Amino acid sequence: TLMEDVMYFVAILIGLSIERWTSLASQLRSYALLEKYIEVMTSWLKTRSWPVWVGLLILLLPITLAVAFFYVVFTSAFSGLLGLVFAVFVLFYCLGSFPSAAHSEGVENIVVQAHRNIFSVLFWFMVCGPAGAVLYRVNSLLVPNYSLAELFQLILEWVPARLEAVSYAIVSHFKSVMACVMKYLFSGLNDNEQLLIESAAASIDANVDHVIHDTLKLIDRSLLAWLTLIVIIVLF
């Protein structure tokens with residue numbers, strides 16, 4: 001509905017603002033509880049002889065469905081205000097830190113970090129609400145120990161990666177970036193990162209002195225393009 005879409009957009013603006021311009025993330029965000037949940041559930045699953053995909057579902061579904069349930073409950077109270085607060089909290093919790101020049105390890109790291117910390121989370125938040133953001137983040141925490149989770153992560157990132165690459169084209173050198181997009185448009189899951197890295201390289205001038213700064217600016221402009229697109233979708 002229009003009201004729900006507007007709520008998502010407002011939650012995104014607030015969540016991104018908190019992440020970008022405050023230090024609350026470093027003070028409040030901790031995945032310790034999620035990691036404990038994963039540890040306990042994994043230990044329990046080891047006592048069962050179920051297929052790996054069943055175990056992954058058991059790890060992902062309860063917390064995802066719980067978030068979806070509470071969002072519906074909170075949205076129905078106080079004209080949706082509690083739902084908005086809950087959505088902002090969940091999105092802020094699931095976002096990762098913005099890339100920065102001080103903590104970057106090169107252009108490739110910046111691009112991949114932005115993709116996994118920001119763009120993929122926003123995509124699934126817009127598609128499935130808070131439950132989508134939680135699904136993506138919990139699965140990302142499972143990747144180091146579950147090969148199936150790594151495959152699912154690539155599936156979750158396939159569409160966001162291509163949308164992100166298109167946004168690079170829109171805010172920079174359209175023709176050269178779109179050539180990269182078309183090269184990988186229907187490629188396999190393992191090409192997600194390569195698509196983004198090559199698209200980013202085509203988006204910026206090859207000035208070694210400013211390449212990190214230009215890449216960070218590219219991420220900011222692409223994020224602005226996403227927000228603009230979300231507004232258009234909400235309004236029309």
# chains A, B, ... in the order shown; residues from 1 in each chain; ligands from 1
>>> residues_around(residues="Leu223 in chain A", least_positions_apart="6", cutoff="9 Å", atoms="only C-alpha atoms", output="PDB file with N, CA, C and O atoms, in the first residue's frame")
ATOM      1  N   ILE A 118      25.051  -1.865   2.520  1.00  0.00           N
ATOM      2  CA  ILE A 118      24.031  -0.855   2.267  1.00  0.00           C
ATOM      3  C   ILE A 118      23.008  -1.296   1.216  1.00  0.00           C
ATOM      4  O   ILE A 118      21.817  -1.482   1.520  1.00  0.00           O
ATOM      5  N   PHE A 119      23.447  -1.470  -0.012  1.00  0.00           N
ATOM      6  CA  PHE A 119      22.514  -1.628  -1.126  1.00  0.00           C
ATOM      7  C   PHE A 119      21.682  -2.908  -1.053  1.00  0.00           C
ATOM      8  O   PHE A 119      20.467  -2.877  -1.292  1.00  0.00           O
ATOM      9  N   GLU A 164      22.497  -1.906  -8.695  1.00  0.00           N
ATOM     10  CA  GLU A 164      23.560  -1.010  -8.235  1.00  0.00           C
ATOM     11  C   GLU A 164      24.461  -0.614  -9.399  1.00  0.00           C
ATOM     12  O   GLU A 164      24.846   0.558  -9.534  1.00  0.00           O
ATOM     13  N   SER A 167      22.809   1.926 -11.472  1.00  0.00           N
ATOM     14  CA  SER A 167      22.851   3.243 -10.824  1.00  0.00           C
ATOM     15  C   SER A 167      24.217   3.897 -11.007  1.00  0.00           C
ATOM     16  O   SER A 167      24.316   5.121 -11.123  1.00  0.00           O
TER      17      SER A 167
END
>>> residues_around(residues="Phe9 in chain A", least_positions_apart="4", cutoff="9 Å", atoms="only C-alpha atoms", output="PyMOL selection string")
chain A and resi 4-5+13-14+126+227+230-231+234
>>> write_last_selection(atoms="N, CA and C atoms", output="mmCIF file, in the first residue's frame")
data_model
loop_
_atom_site.group_PDB
_atom_site.id
_atom_site.type_symbol
_atom_site.label_atom_id
_atom_site.label_comp_id
_atom_site.auth_asym_id
_atom_site.auth_seq_id
_atom_site.Cartn_x
_atom_site.Cartn_y
_atom_site.Cartn_z
ATOM 1 N N GLU A 4 2.315 2.054 3.459
ATOM 2 C CA GLU A 4 3.426 1.180 3.832
ATOM 3 C C GLU A 4 4.693 1.566 3.072
ATOM 4 N N ASP A 5 4.541 1.897 1.780
ATOM 5 C CA ASP A 5 5.706 2.316 0.991
ATOM 6 C C ASP A 5 6.314 3.598 1.542
ATOM 7 N N LEU A 13 15.280 6.690 5.189
ATOM 8 C CA LEU A 13 15.929 7.990 5.402
ATOM 9 C C LEU A 13 16.473 8.109 6.822
ATOM 10 N N ILE A 14 15.666 7.713 7.789
ATOM 11 C CA ILE A 14 16.100 7.818 9.188
ATOM 12 C C ILE A 14 17.244 6.849 9.470
ATOM 13 N N MET A 126 13.080 -2.934 1.041
ATOM 14 C CA MET A 126 11.999 -2.403 0.210
ATOM 15 C C MET A 126 11.104 -3.513 -0.326
ATOM 16 N N LEU A 227 17.503 6.345 -3.784
ATOM 17 C CA LEU A 227 16.480 7.039 -3.005
ATOM 18 C C LEU A 227 15.501 7.765 -3.925
ATOM 19 N N ILE A 230 13.194 5.205 -5.374
ATOM 20 C CA ILE A 230 12.215 4.780 -4.371
ATOM 21 C C ILE A 230 11.091 5.796 -4.253
ATOM 22 N N VAL A 231 11.434 7.081 -4.269
ATOM 23 C CA VAL A 231 10.415 8.134 -4.215
ATOM 24 C C VAL A 231 9.466 8.021 -5.401
ATOM 25 N N VAL A 234 7.187 5.082 -4.922
ATOM 26 C CA VAL A 234 6.198 5.360 -3.876
ATOM 27 C C VAL A 234 5.088 6.263 -4.397
#
>>> residues_around(residues="Leu56 in chain A", least_positions_apart="3", cutoff="12 Å", atoms="only C-alpha atoms", output="PDB file with C-alpha atoms, in the first residue's frame")
ATOM      1  CA  ILE A  38      23.046 -19.259  15.529  1.00  0.00           C
ATOM      2  CA  MET A  41      20.541 -23.596  16.883  1.00  0.00           C
ATOM      3  CA  THR A  42      23.576 -25.025  15.085  1.00  0.00           C
ATOM      4  CA  LEU A  45      20.848 -29.159  14.453  1.00  0.00           C
ATOM      5  CA  TRP A  50      18.283 -33.487   8.450  1.00  0.00           C
ATOM      6  CA  PRO A  51      19.501 -32.226   5.052  1.00  0.00           C
ATOM      7  CA  VAL A  52      21.589 -29.047   5.102  1.00  0.00           C
ATOM      8  CA  TRP A  53      18.878 -27.021   3.365  1.00  0.00           C
ATOM      9  CA  LEU A  59      18.017 -21.075  11.169  1.00  0.00           C
ATOM     10  CA  LEU A  60      16.490 -18.387   8.956  1.00  0.00           C
ATOM     11  CA  LEU A  61      12.723 -18.764   9.139  1.00  0.00           C
ATOM     12  CA  PRO A  62      11.935 -18.396  12.876  1.00  0.00           C
ATOM     13  CA  LEU A 135      16.771 -12.412   6.343  1.00  0.00           C
ATOM     14  CA  VAL A 138      21.190 -13.332   9.389  1.00  0.00           C
ATOM     15  CA  ASN A 139      22.115 -15.298   6.284  1.00  0.00           C
ATOM     16  CA  SER A 140      25.280 -13.202   5.898  1.00  0.00           C
ATOM     17  CA  LEU A 141      26.290 -14.245   9.418  1.00  0.00           C
ATOM     18  CA  LEU A 142      25.808 -17.892   8.448  1.00  0.00           C
ATOM     19  CA  VAL A 143      28.063 -17.690   5.372  1.00  0.00           C
ATOM     20  CA  ASN A 145      30.035 -21.835   8.390  1.00  0.00           C
ATOM     21  CA  TYR A 146      27.423 -22.851   5.811  1.00  0.00           C
ATOM     22  CA  SER A 147      28.264 -23.294   2.136  1.00  0.00           C
ATOM     23  CA  LEU A 148      24.559 -23.324   1.333  1.00  0.00           C
ATOM     24  CA  ALA A 149      24.196 -19.967   3.057  1.00  0.00           C
ATOM     25  CA  GLU A 150      26.952 -18.632   0.811  1.00  0.00           C
ATOM     26  CA  LEU A 151      25.000 -19.801  -2.236  1.00  0.00           C
ATOM     27  CA  PHE A 152      21.815 -18.226  -0.887  1.00  0.00           C
ATOM     28  CA  GLN A 153      23.740 -15.003  -0.250  1.00  0.00           C
TER      29      GLN A 153
END
>>> select_by_dssp(residues="range 5-185 of chain A", states="alpha helix (DSSP H)", output="ChimeraX atom specification")
/A:5-21,24-28,32-45,52-75,81-94,107-114,120-128,130-142,147-171,174-184
>>> closest_residue(among="A:Ala131, A:Leu189, A:Arg221, A:Leu229", to="Val72 in chain A", atoms="only C-alpha atoms")
A:Ala131
>>> residues_around(residues="Leu16 in chain A", least_positions_apart="3", cutoff="10 Å", atoms="only C-alpha atoms", output="list in words")
Val10, Ala11, Ile12, Leu13, Glu19, Arg20, Trp21, Thr22, Val88, Leu91, Phe92, Leu95, Ser97, Phe98, Ile118 and Leu122 of chain A
>>> decode(residues="range 33-48 of chain A", atoms="N, CA and C atoms", output="compact mmCIF listing (two decimals), in the first residue's frame")
# COMPACT_ATOMS: atom_id res chain seq x y z
N LEU A 33 23.87 -11.33 20.05
CA LEU A 33 22.66 -12.13 20.29
C LEU A 33 22.35 -13.03 19.09
N LEU A 34 22.48 -12.46 17.89
CA LEU A 34 22.24 -13.26 16.70
C LEU A 34 23.25 -14.40 16.60
N GLU A 35 24.49 -14.10 16.89
CA GLU A 35 25.53 -15.13 16.83
C GLU A 35 25.30 -16.21 17.88
N LYS A 36 24.79 -15.81 19.05
CA LYS A 36 24.46 -16.79 20.09
C LYS A 36 23.29 -17.66 19.64
N TYR A 37 22.30 -17.03 19.02
CA TYR A 37 21.15 -17.77 18.48
C TYR A 37 21.63 -18.79 17.45
N ILE A 38 22.52 -18.36 16.56
CA ILE A 38 23.05 -19.26 15.53
C ILE A 38 23.83 -20.40 16.17
N GLU A 39 24.62 -20.08 17.19
CA GLU A 39 25.42 -21.09 17.87
C GLU A 39 24.54 -22.15 18.52
N VAL A 40 23.51 -21.70 19.23
CA VAL A 40 22.61 -22.62 19.92
C VAL A 40 21.85 -23.49 18.92
N MET A 41 21.31 -22.86 17.88
CA MET A 41 20.54 -23.60 16.88
C MET A 41 21.43 -24.57 16.11
N THR A 42 22.65 -24.15 15.81
CA THR A 42 23.58 -25.02 15.09
C THR A 42 23.93 -26.25 15.92
N SER A 43 24.16 -26.04 17.21
CA SER A 43 24.46 -27.17 18.10
C SER A 43 23.29 -28.14 18.14
N TRP A 44 22.08 -27.61 18.18
CA TRP A 44 20.89 -28.47 18.20
C TRP A 44 20.73 -29.22 16.89
N LEU A 45 21.00 -28.53 15.76
CA LEU A 45 20.85 -29.16 14.45
C LEU A 45 21.84 -30.29 14.24
N LYS A 46 23.00 -30.21 14.91
CA LYS A 46 24.01 -31.26 14.77
C LYS A 46 23.53 -32.58 15.36
N THR A 47 22.52 -32.52 16.23
CA THR A 47 21.97 -33.74 16.82
C THR A 47 20.90 -34.36 15.92
N ARG A 48 20.60 -33.69 14.82
CA ARG A 48 19.60 -34.17 13.88
C ARG A 48 20.28 -34.58 12.58
